[in-house]
Structures are given as structure tokens and as C-alpha cells.
Amino acid sequence: MLAAKSARGLVAPAVLLTAGVFLAPFLLLLAMSLWSQPPGSLMLDVTPTGEHYRRITTDSYYMTGLARTIWLSLATTAICAALALPLAWWIVRRAGRFRGLVLAVVLIPMVCGALLPTLGIVNLIGPLGVLNGTLKSLGLIDRSWKLLGTQAGILIGLVHAFLPLMVLPLVAAMDRLPRDAEGAAMSLGARRRAVWTRIILPLCAPGLLAGSALVFCATLTAFVTPLILGQGKIPTFATMAYQQASLVLDWPFASALAVVMLAILAAIGALGWAIRQALPGAAR
Amino acid sequence: MKLSGVLWALLTGAVLLFLLAPVAVLIFSAFDDGKFFRFPPRELSLRWFGAALDSPEYRGALINSTIIACVSTAISVTAGLMAATGLSRGGLKSRALVELLLLAPLTLPLVVWAIALLQIYARLGISGTFGGLVLAHAVITLPLSVRILLATLAGIDPQMEEAARSLGARPLRAFLRTTFPLALPGVLTAAVFSFLVSFNDVVVTTFIAGARWMTFPVRMYSQLRGQGVDPITLAIGAMIVALILAAVIAGELKFKWSRRL
Amino acid sequence: MTSPHVQIDGVAKSYGGAPALRDAAIEIGEGEFAALLGPSGCGKSTLLRILSGLLEPDRGRILLGGEDITRLPAWDRDIGLVFQNYALFPHMTVAQNVGFGLEMRRLSRGETRTRVADALAAVGLTGFERRRPAELSGGQQQRVAIARAIAIRPRLLLLDEPLSNLDAVLRSSVRSELRELHDRTGITTVMVTHDQSEALSIADRVILMKEGGVVQAGTPQEIYRHPANAFAASFVGSPPAALFALPPPAAAEAAGWQPGASSRASTAARAAMIAAPASAICASSAPCQCGSRISSFRSRLRSRIAFS
């Protein structure tokens, strides 16, 4: 055991970095979102105004963008859950000595960053890409299937990018399933379907919930994948914020868009927490 | 029984293929001889790899990315190891709170943070500077290091260090001779993941990178938004991805990375 | 003899080439309390899983009440199973756990409630309906597991090492409670154990297993007094039987043979003398008729032990 003094000394640099450089800007963001920038100028007017929030909530461009973003996030979360459940189950129960290797494959989208896999997806689903090229040479289609620049294309990219966020918590949850619980259920008369709906899924619910929250939040704030795979034609809330901050250079308005995203995430977090508390066995 | 096993395996195989496909396509498309990738390709060649290695622009961006990733990884792993040691061996009363604080960046949205950081950096005049970039990268990689190293130290008996001290080793020496060697696989894992996150980051860096310190992903991102896919970008991307794949698979087989995340 | 309730007929199972069960053949009568006894790795747990339907045998047949259930899935067997670690469902209350099998059988709510109450009363846990498994002691969790298994009114009840996770004080009381429960319900019960005193004290019949096969089956009395071979004698009995491997002349002499007078002198080379607490027998690799001489050997043995 270390003396409390030296322990505090060891923790201090990390705490200072995180609190000072990471958390402090969030607080400043709230203030900055109330500032304004007169048109055609880069000077800031620091008199607080709620104008940006009024603009976001009344302009249909932003509200449809927000609705589209939430729909994309929900769809990504659902598809990720549907793909991750069988994969995680296979990793935990059947992979055996291939487990490490399969997990390494699962980690690919995480360790390659947002950009490189997206580049691959462009060549995979583009009009002259691998998917369309294969379907055409097999004679299944004669005109390219348009995925690039559509919501479907964005969904493919988002699911690919964030699937690991769903698989890893599920694998952890399934690893913790009590031994013999399925056997016990079967001996009591539960068929495979009942074993899943009554035993496995309820017991994996915390993992599924954690994964869903992670995927939903990551999708809601993603802008690289939607911009590239949507080819700029499908604005989402995060791409709007990116454009305001990076191209239009209206920073106060970008701040307001960012605060709205943060508020949605906070609501999702609170909802997730409430569901977690309501889950049976939450006391454990 | 047997049939359901086959179905599971097929379904799993399809998902794994989906995870691998973009990366595989990226590597494959770099071998296409044409200026615009098309499938099936007319001709395969290595010419874009040659062109990539000859391009001074890209070489500069790659060197920038590497330097920034190395320096921020060093900061992240050092601060992370110190913090993890203090947390797991210190008996701090506020441990839970400090852990929550240190791991917060993993769950908070980076774009939102970057939009705030952009304005602060502009005010401080460090936007686009080496120091500004390293600071930002150190902060986004730190929580990963802390998480990996906390898990690593939790698996190492603190009594070993105490035994070394009872045998006359000073605290730092006791740590370096007992805990550190045992924690080395975890430290290496933290370093590799920090490096990868920093090297690949585009979400934060695109807001704060400048002309002087342009990183490779930011270059590639603006290229993609502007002119679309460029074969030289593909070739470099393919090389990077192949390197990452080899490193991650080797690391998983040797150090069981997936257990530490 | 009427046909047995459970008939295990030449059942074999191997894991990746390593045999766990070699053509085991066992019969268990209706209403019997049987114990599968043997050291770890003898195949008793494999046999239990095959009986419950959680594991499919490579070959052989399982008959329950005359019906071939070998290929019947676990959920259609009506066999109650109590796991060694109880395998309670942590996300369900005690009542939901016990009622799970009834829910699977689509019993009416009222019927379910009555049966859950009965099962909990049978194990002395009335009033615990709303608790969760995590709030119960190990002994209570086991009672819930037993209640859950008997609530479905199983045709056969399987207990996997039911006493191994309990402390010494609980163990003896649970032992008698298990027996009482069996006598009260009349459910044919098979218990797996590695503890010979457990098996001998509870069961009507003990089936001694080793290396995937049955060594001996019989009443505790039979197993204890007349172990079939050296393994049976060394495994059963408290304290365990002493085993003497004797060189041929000594073996012959100890058995009272005249050197050269017995045509089985060569057999005696592999003979071992066993002094069990209650009896001494000669376990030779070939049949011999030295049984009558055993009693005289017994007294000699005593004097030898005294001297050494």
C-alpha cells in the first residue's frame, strides 16, 4: 500500500489533464453557445442570447436533420444488436481456441480508426465497387445498386464502425452467465426458444443495454462516416455541427448544436440508467 | 442440434466477413492499376505503392502523425501508469470518483469536446501547433491507458512489491523490479492502443490541425471530401491497415488484448 | 422381477477420443434411491447429464418406465435435475424459479401457485417466495433448486453432488432430509457422489463406478461387506480397506497353502490380500476357493499388523 500523499501525487497528472483539458471545455461550451457572432465578422458578442437555440428548434432544416440522425442511430443500434447477439454467443460458446483470433477481427473497426475502413466501404459499395461488380458479373443486376450517397450506405458504414461497441459488452455479459442455467431451464421443460427469451436474454440485458447506449451515442455524434458515405448529400446533426465549426466558422452556433447533442446523450444516459435500475436483479 | 450449429457458424461467418470486408477491399483496391478503382479490375499493379512512397506531401503527413502519436502515447502511458498505480495501490477514499473522472472521455462525445477545444485553442493561439495537438491526443488516449492498466494491475499481487521492500528495495526500485515487469504486457497493450487511437484520429484532429502540423488522417479526410478516392491514398491506407491487422492479430495471440479492453 | 424404472443399456460416451463412459449398464427400480458412487472422472457426472438429456450418448439406450428416451430432448423428459452449483436463475425470485417448469408446462396460474407453495413447503422454505437467489444462503439456495426440480413432479429426480457445497454441520442434516423427502414423495432418485459414506448412508442401492464402467451394484450392505474387487474394497469403507500386495510365497503361505500343493500358485503371484474393516477377502485375478481360509488369515493378519 502507498501512502495517501504519494498516491495523490501519482494520480494528479492524469486528473489535471482530464479535468483541465477534457472536462473544462464542456462547461465553457455552455457559455459559448449563448454568445453570438455578428454576420460577416469573426468578432464575438458575449452578451448572452438564446437565439441559436431558437434557430435550431424552429428551422426545419435542423429539426429534420435531428430526426434523421435519431432514426439512423436507432437503426444502427438495432442492426448492431441483431448481428452482435449471434456473434457474441458463438465467440463465448463455440469459438474455443479461435476465440482470440475472432475477437481480434471484431476489434478491427476500433483499431483502424474511423477513416480507413470507410475508405474500404466506399470501394465496396460504390457504383463500380466490389459488391456491384460482383452482382453485375453474376448477371443478377444490370444497373448499379445505388448505396453510396444514400442512408443505406451510411447505415452500412455506421454498423461496421460501431459493431465492436455492441459485441464486447455482450461477450462480457455472456461470459458471466451462470453455469448450467440453460441446462437447468431445459431440464425444467424449456425449449431452445424459451431458454433464450426467459434465461439468456434477460441475463444478458445489462450487456445489451450498455452496448446499445454506446452504439447509439457513437452514431449520434458520428460525422466522418455520414459525410463520406453520404457524399455530403445527407446531413446529420453531427455533420451540421462539423460544418458550422470547421467550414462556416460560426462557432457560437456550432457550440449550440454541440450542446443539443450533449443534451440528447444525457437524456439517453438517464434513460439507460433508469432501465438498468428497473431490470430484475439490478441489486446485484 | 447439428443443423443449428451449422446455422450459427454460417451467421457468425457472415458477420465476421462483414467486419473484415472493408479492410480487405481497401487492401485489394490498392493493387488496381487504374486511377479509379473498379471491380473487377482491368489490371493489377504495384505502381500506386511506388507513387505513395515517392509523394513528399504524404510522407510529411505520415511523419507528423507518427511523431504526434509517439509523444502523446508516451504521455498517456506514463500518466496512465502513475494514475493506475495510485488508484489500485493507494487506498484513496475518492477512488470511485477519480476513476469515473478519468474514464469519462471514453463515453463523452469527442466531436462536442473538439468544437469547444477549437475555440479555446484559437483564443490561446495554440491551434495547429505541435503542443496543442499532442495535448489533445494525450487526453483522448489517456482513458484507454488508465482502463487497460487498471485491469492489468488488478491482476498483480501488491504484496510482491511489499516483499521486495521488506528485502531492502526502495519503493521505486521495488516497483520497477516486481510489479513493472509483470505489468509489461499491459503497458505494451496500452501503448499500442494509444498509438493507434492517436495515429488514426480524425474526429478531434480535423478541428485543430493546421497547415504546419497536418496529420495523415486529416489530409486523407479532406482529400476524400474534396476530390474523392485517390489511388495514392488507397495505397498508403492499405499499407497502414495491413500493418495494424498484423500487429493486432499478433498482439491478440500473444498478449490476449481483448481481455484487457 | 418387474421391469426396472430406469434402464441404462450399454451407454457409451467419449470426449474427443477419451472415453468417459464405456458401455455402462445399470437398472434402477421404481421408487428407489440410488447413488452413483466413484472417484472424479469415473463417468458418473457424464451419466447424469445423459440421463437428464443434456448430453447425447454415442451409443446405447436409456429407458424410463419402459419407454426409450435416448433421443428425447431434455425439455420433454420430465426429469428433475439439481445441479451441484444449484443453477438458480439469478434474475427471478424464488417463486419464479420454482414455478419456471410449471410455466413451461403452461399450467394455470392458480395451479402453479399451489404447486410452488407445496414444493417450497416440502423443503421448508415457505415465506421465501419473493426473495432472490442472491439473498439466500447456500443451503437455502439448494432447497430452492430441489423445490424447483420436484415442482414439475418428475418421473426421476437427479441430484449432482448434493452435499459437496455445504458445510459439515449442514451436510448431515441435509443428508437425512434428502432421504425423508424421497420417502415422502416416492420419486425415484439418482444421486451422484464421490463420498462413499454419503452413498452408503442415504441410498437403497449403490452403483460403484470406475473409469466409465460399473464396478459393482448392490445394497450398501452388499457393497460394504462383500466388495467385488480390490478397487471396491479400497473405495468403500471407513476407514478404507488396507491393501496388501503379497509376493507369491507369502501370499500362498498367508492363505494357508502348501507350497506347490496348489495348482494356482502362479495365479497367486498376482493376488492381493485385502483387509477391510469388516471382512477380509482374497482378490485374485482368477477365481480361487480360499474363502474358507480367510477367517484364519484374519487372525494371522492381526498379529502381523501388531508386529510390524
# chains A, B, ... in the order shown; residues from 1 in each chain; ligands from 1
$ select_by_dssp --residues "segment 94-169 of chain C" --states "alpha helix (DSSP H)" --output "number ranges by chain"
C: 94-104, 109-122, 138-151, 168-169
$ interface_residues --of "chain A" --to "chain B" --cutoff "6 Å" --atoms "only C-alpha atoms" --output "list of chain:residue names"
A:Met1, A:Leu2, A:Ala4, A:Ala7, A:Leu10, A:Val11, A:Ala14, A:Pro25, A:Leu29, A:Leu87, A:Ala104, A:Gly113, A:Pro117, A:Gly120, A:Ile121, A:Leu128, A:Gly129, A:Val130, A:Gly133, A:Ala258
$ closest_residue --among "A:Pro202, A:Gly269, A:Pro226, A:Gly211" --to "chain C" --atoms "only C-alpha atoms"
A:Pro202
$ interface_residues --of "chain C" --to "chain A" --cutoff "6 Å" --atoms "only C-alpha atoms" --output "MDAnalysis selection string"
chainID C and resid 74:75 87 91 101 104
$ write_last_selection --atoms "C-alpha atoms" --output "PDB file, in the first residue's frame"
ATOM      1  CA  ALA C  74     -34.187 -32.656 -22.173  1.00  0.00           C
ATOM      2  CA  TRP C  75     -37.302 -30.475 -22.168  1.00  0.00           C
ATOM      3  CA  ALA C  87     -28.003 -23.133 -11.213  1.00  0.00           C
ATOM      4  CA  HIS C  91     -32.957 -12.687 -12.317  1.00  0.00           C
ATOM      5  CA  GLY C 101     -41.025 -25.611 -15.042  1.00  0.00           C
ATOM      6  CA  MET C 104     -43.137 -24.155 -19.394  1.00  0.00           C
TER       7      MET C 104
END
$ closest_residue --among "A:Thr69, A:Asn132, A:Thr57, A:Ser41" --to "Thr239 of chain A" --atoms "only C-alpha atoms"
A:Thr69
$ atom_distance --atom1 "atom CA of Phe237 of chain A" --atom2 "atom CA of Leu66 of chain A"
5.4 Å
$ residues_around --residues "segment 22-38 of chain C" --least-positions-apart "6" --cutoff "9 Å" --atoms "only C-alpha atoms" --output "VMD selection string"
chain C and resid 2 to 14 44 to 45 47 to 48 59 to 60 65 156 179 182 to 183 186 to 196 198 to 200 202 to 214 217 235
$ residues_around --residues "Thr185 of chain C" --least-positions-apart "4" --cutoff "10 Å" --atoms "only C-alpha atoms" --output "list of chain:residue names"
C:Gly31, C:Ala122, C:Ile150, C:Arg153, C:Glu180, C:Leu181
$ interface_residues --of "chain C" --to "chain B" --cutoff "12 Å" --atoms "only C-alpha atoms" --output "list in words"
Leu54, Leu55, Glu56, Arg71 and Pro73 of chain C
$ atom_distance --atom1 "atom CA of Ser60 of chain A" --atom2 "atom CA of Met240 of chain A"
13.2 Å
$ residues_around --residues "Ala218 of chain A" --least-positions-apart "2" --cutoff "10 Å" --atoms "only C-alpha atoms" --output "list in words"
Ser73, Thr77, Leu158, Ala161, Phe162, Leu165, Ser212, Ala213, Leu214, Val215, Phe216, Leu220, Thr221, Ala222, Phe223 and Leu265 of chain A; Thr107, Leu108, Pro109 and Leu110 of chain B
$ decode --residues "segment 221-264 of chain A" --atoms "N, CA and C atoms" --output "short mmCIF file (atom, residue, chain, number, x, y, z; two decimals), in the first residue's frame"
data_model
loop_
_atom_site.label_atom_id
_atom_site.label_comp_id
_atom_site.auth_asym_id
_atom_site.auth_seq_id
_atom_site.Cartn_x
_atom_site.Cartn_y
_atom_site.Cartn_z
N THR A 221 -23.22 11.04 -32.71
CA THR A 221 -22.20 12.09 -32.83
C THR A 221 -21.22 11.83 -33.96
N ALA A 222 -21.44 10.76 -34.74
CA ALA A 222 -20.50 10.45 -35.82
C ALA A 222 -20.69 11.44 -36.97
N PHE A 223 -19.58 11.97 -37.50
CA PHE A 223 -19.74 12.83 -38.68
C PHE A 223 -18.86 12.39 -39.85
N VAL A 224 -17.77 11.65 -39.57
CA VAL A 224 -16.87 11.25 -40.66
C VAL A 224 -17.58 10.27 -41.59
N THR A 225 -18.13 9.21 -41.01
CA THR A 225 -18.80 8.19 -41.82
C THR A 225 -19.99 8.76 -42.59
N PRO A 226 -20.91 9.52 -41.94
CA PRO A 226 -22.05 10.06 -42.71
C PRO A 226 -21.61 11.02 -43.82
N LEU A 227 -20.58 11.82 -43.56
CA LEU A 227 -20.15 12.77 -44.59
C LEU A 227 -19.59 12.04 -45.80
N ILE A 228 -18.75 11.04 -45.58
CA ILE A 228 -18.08 10.40 -46.71
C ILE A 228 -19.03 9.44 -47.43
N LEU A 229 -19.75 8.59 -46.66
CA LEU A 229 -20.62 7.62 -47.33
C LEU A 229 -21.91 8.28 -47.82
N GLY A 230 -22.30 9.40 -47.18
CA GLY A 230 -23.47 10.14 -47.67
C GLY A 230 -23.08 11.12 -48.76
N GLN A 231 -21.79 11.23 -49.00
CA GLN A 231 -21.24 12.14 -50.00
C GLN A 231 -21.78 13.56 -49.84
N GLY A 232 -21.97 13.94 -48.59
CA GLY A 232 -22.43 15.30 -48.30
C GLY A 232 -23.89 15.54 -48.62
N LYS A 233 -24.59 14.51 -49.12
CA LYS A 233 -25.98 14.73 -49.53
C LYS A 233 -26.96 14.51 -48.38
N ILE A 234 -26.49 13.86 -47.33
CA ILE A 234 -27.41 13.52 -46.25
C ILE A 234 -26.90 14.12 -44.96
N PRO A 235 -27.35 15.35 -44.65
CA PRO A 235 -26.85 15.98 -43.43
C PRO A 235 -27.41 15.32 -42.18
N THR A 236 -26.52 15.03 -41.23
CA THR A 236 -26.96 14.59 -39.91
C THR A 236 -26.60 15.70 -38.93
N PHE A 237 -27.06 15.53 -37.72
CA PHE A 237 -26.84 16.60 -36.76
C PHE A 237 -25.35 16.87 -36.55
N ALA A 238 -24.56 15.77 -36.48
CA ALA A 238 -23.14 15.95 -36.22
C ALA A 238 -22.43 16.56 -37.43
N THR A 239 -22.84 16.20 -38.65
CA THR A 239 -22.17 16.80 -39.81
C THR A 239 -22.52 18.30 -39.88
N MET A 240 -23.73 18.67 -39.47
CA MET A 240 -24.09 20.10 -39.44
C MET A 240 -23.18 20.84 -38.46
N ALA A 241 -23.02 20.25 -37.28
CA ALA A 241 -22.17 20.91 -36.28
C ALA A 241 -20.75 21.02 -36.81
N TYR A 242 -20.26 19.95 -37.46
CA TYR A 242 -18.91 19.96 -38.01
C TYR A 242 -18.78 21.07 -39.04
N GLN A 243 -19.77 21.18 -39.92
CA GLN A 243 -19.68 22.19 -40.97
C GLN A 243 -19.71 23.61 -40.39
N GLN A 244 -20.57 23.81 -39.38
CA GLN A 244 -20.63 25.13 -38.77
C GLN A 244 -19.29 25.49 -38.12
N ALA A 245 -18.68 24.51 -37.46
CA ALA A 245 -17.45 24.80 -36.73
C ALA A 245 -16.26 24.91 -37.67
N SER A 246 -16.20 24.05 -38.68
CA SER A 246 -14.99 23.92 -39.47
C SER A 246 -15.03 24.69 -40.78
N LEU A 247 -16.21 24.84 -41.36
CA LEU A 247 -16.28 25.47 -42.68
C LEU A 247 -16.96 26.83 -42.62
N VAL A 248 -18.13 26.91 -41.95
CA VAL A 248 -18.83 28.19 -41.85
C VAL A 248 -18.14 29.09 -40.83
N LEU A 249 -17.46 28.45 -39.88
CA LEU A 249 -16.76 29.17 -38.80
C LEU A 249 -17.69 30.01 -37.93
N ASP A 250 -18.96 29.59 -37.82
CA ASP A 250 -19.85 30.23 -36.84
C ASP A 250 -19.77 29.41 -35.56
N TRP A 251 -18.76 29.71 -34.74
CA TRP A 251 -18.50 28.87 -33.57
C TRP A 251 -19.59 28.91 -32.52
N PRO A 252 -20.16 30.04 -32.23
CA PRO A 252 -21.24 30.01 -31.22
C PRO A 252 -22.40 29.12 -31.66
N PHE A 253 -22.75 29.19 -32.92
CA PHE A 253 -23.86 28.33 -33.38
C PHE A 253 -23.45 26.86 -33.34
N ALA A 254 -22.20 26.56 -33.75
CA ALA A 254 -21.70 25.19 -33.65
C ALA A 254 -21.76 24.72 -32.20
N SER A 255 -21.42 25.62 -31.28
CA SER A 255 -21.46 25.25 -29.86
C SER A 255 -22.88 24.88 -29.45
N ALA A 256 -23.85 25.67 -29.93
CA ALA A 256 -25.24 25.38 -29.58
C ALA A 256 -25.66 24.02 -30.11
N LEU A 257 -25.27 23.72 -31.37
CA LEU A 257 -25.58 22.39 -31.93
C LEU A 257 -24.93 21.29 -31.08
N ALA A 258 -23.69 21.53 -30.66
CA ALA A 258 -22.99 20.55 -29.83
C ALA A 258 -23.69 20.36 -28.50
N VAL A 259 -24.18 21.47 -27.93
CA VAL A 259 -24.88 21.36 -26.63
C VAL A 259 -26.16 20.55 -26.79
N VAL A 260 -26.86 20.74 -27.92
CA VAL A 260 -28.08 19.95 -28.14
C VAL A 260 -27.73 18.46 -28.20
N MET A 261 -26.64 18.12 -28.91
CA MET A 261 -26.22 16.71 -28.95
C MET A 261 -25.94 16.19 -27.55
N LEU A 262 -25.24 17.00 -26.78
CA LEU A 262 -24.88 16.61 -25.42
C LEU A 262 -26.14 16.37 -24.59
N ALA A 263 -27.14 17.25 -24.77
CA ALA A 263 -28.39 17.11 -24.01
C ALA A 263 -29.09 15.80 -24.37
N ILE A 264 -29.10 15.47 -25.70
CA ILE A 264 -29.74 14.21 -26.11
C ILE A 264 -29.00 13.03 -25.48
#
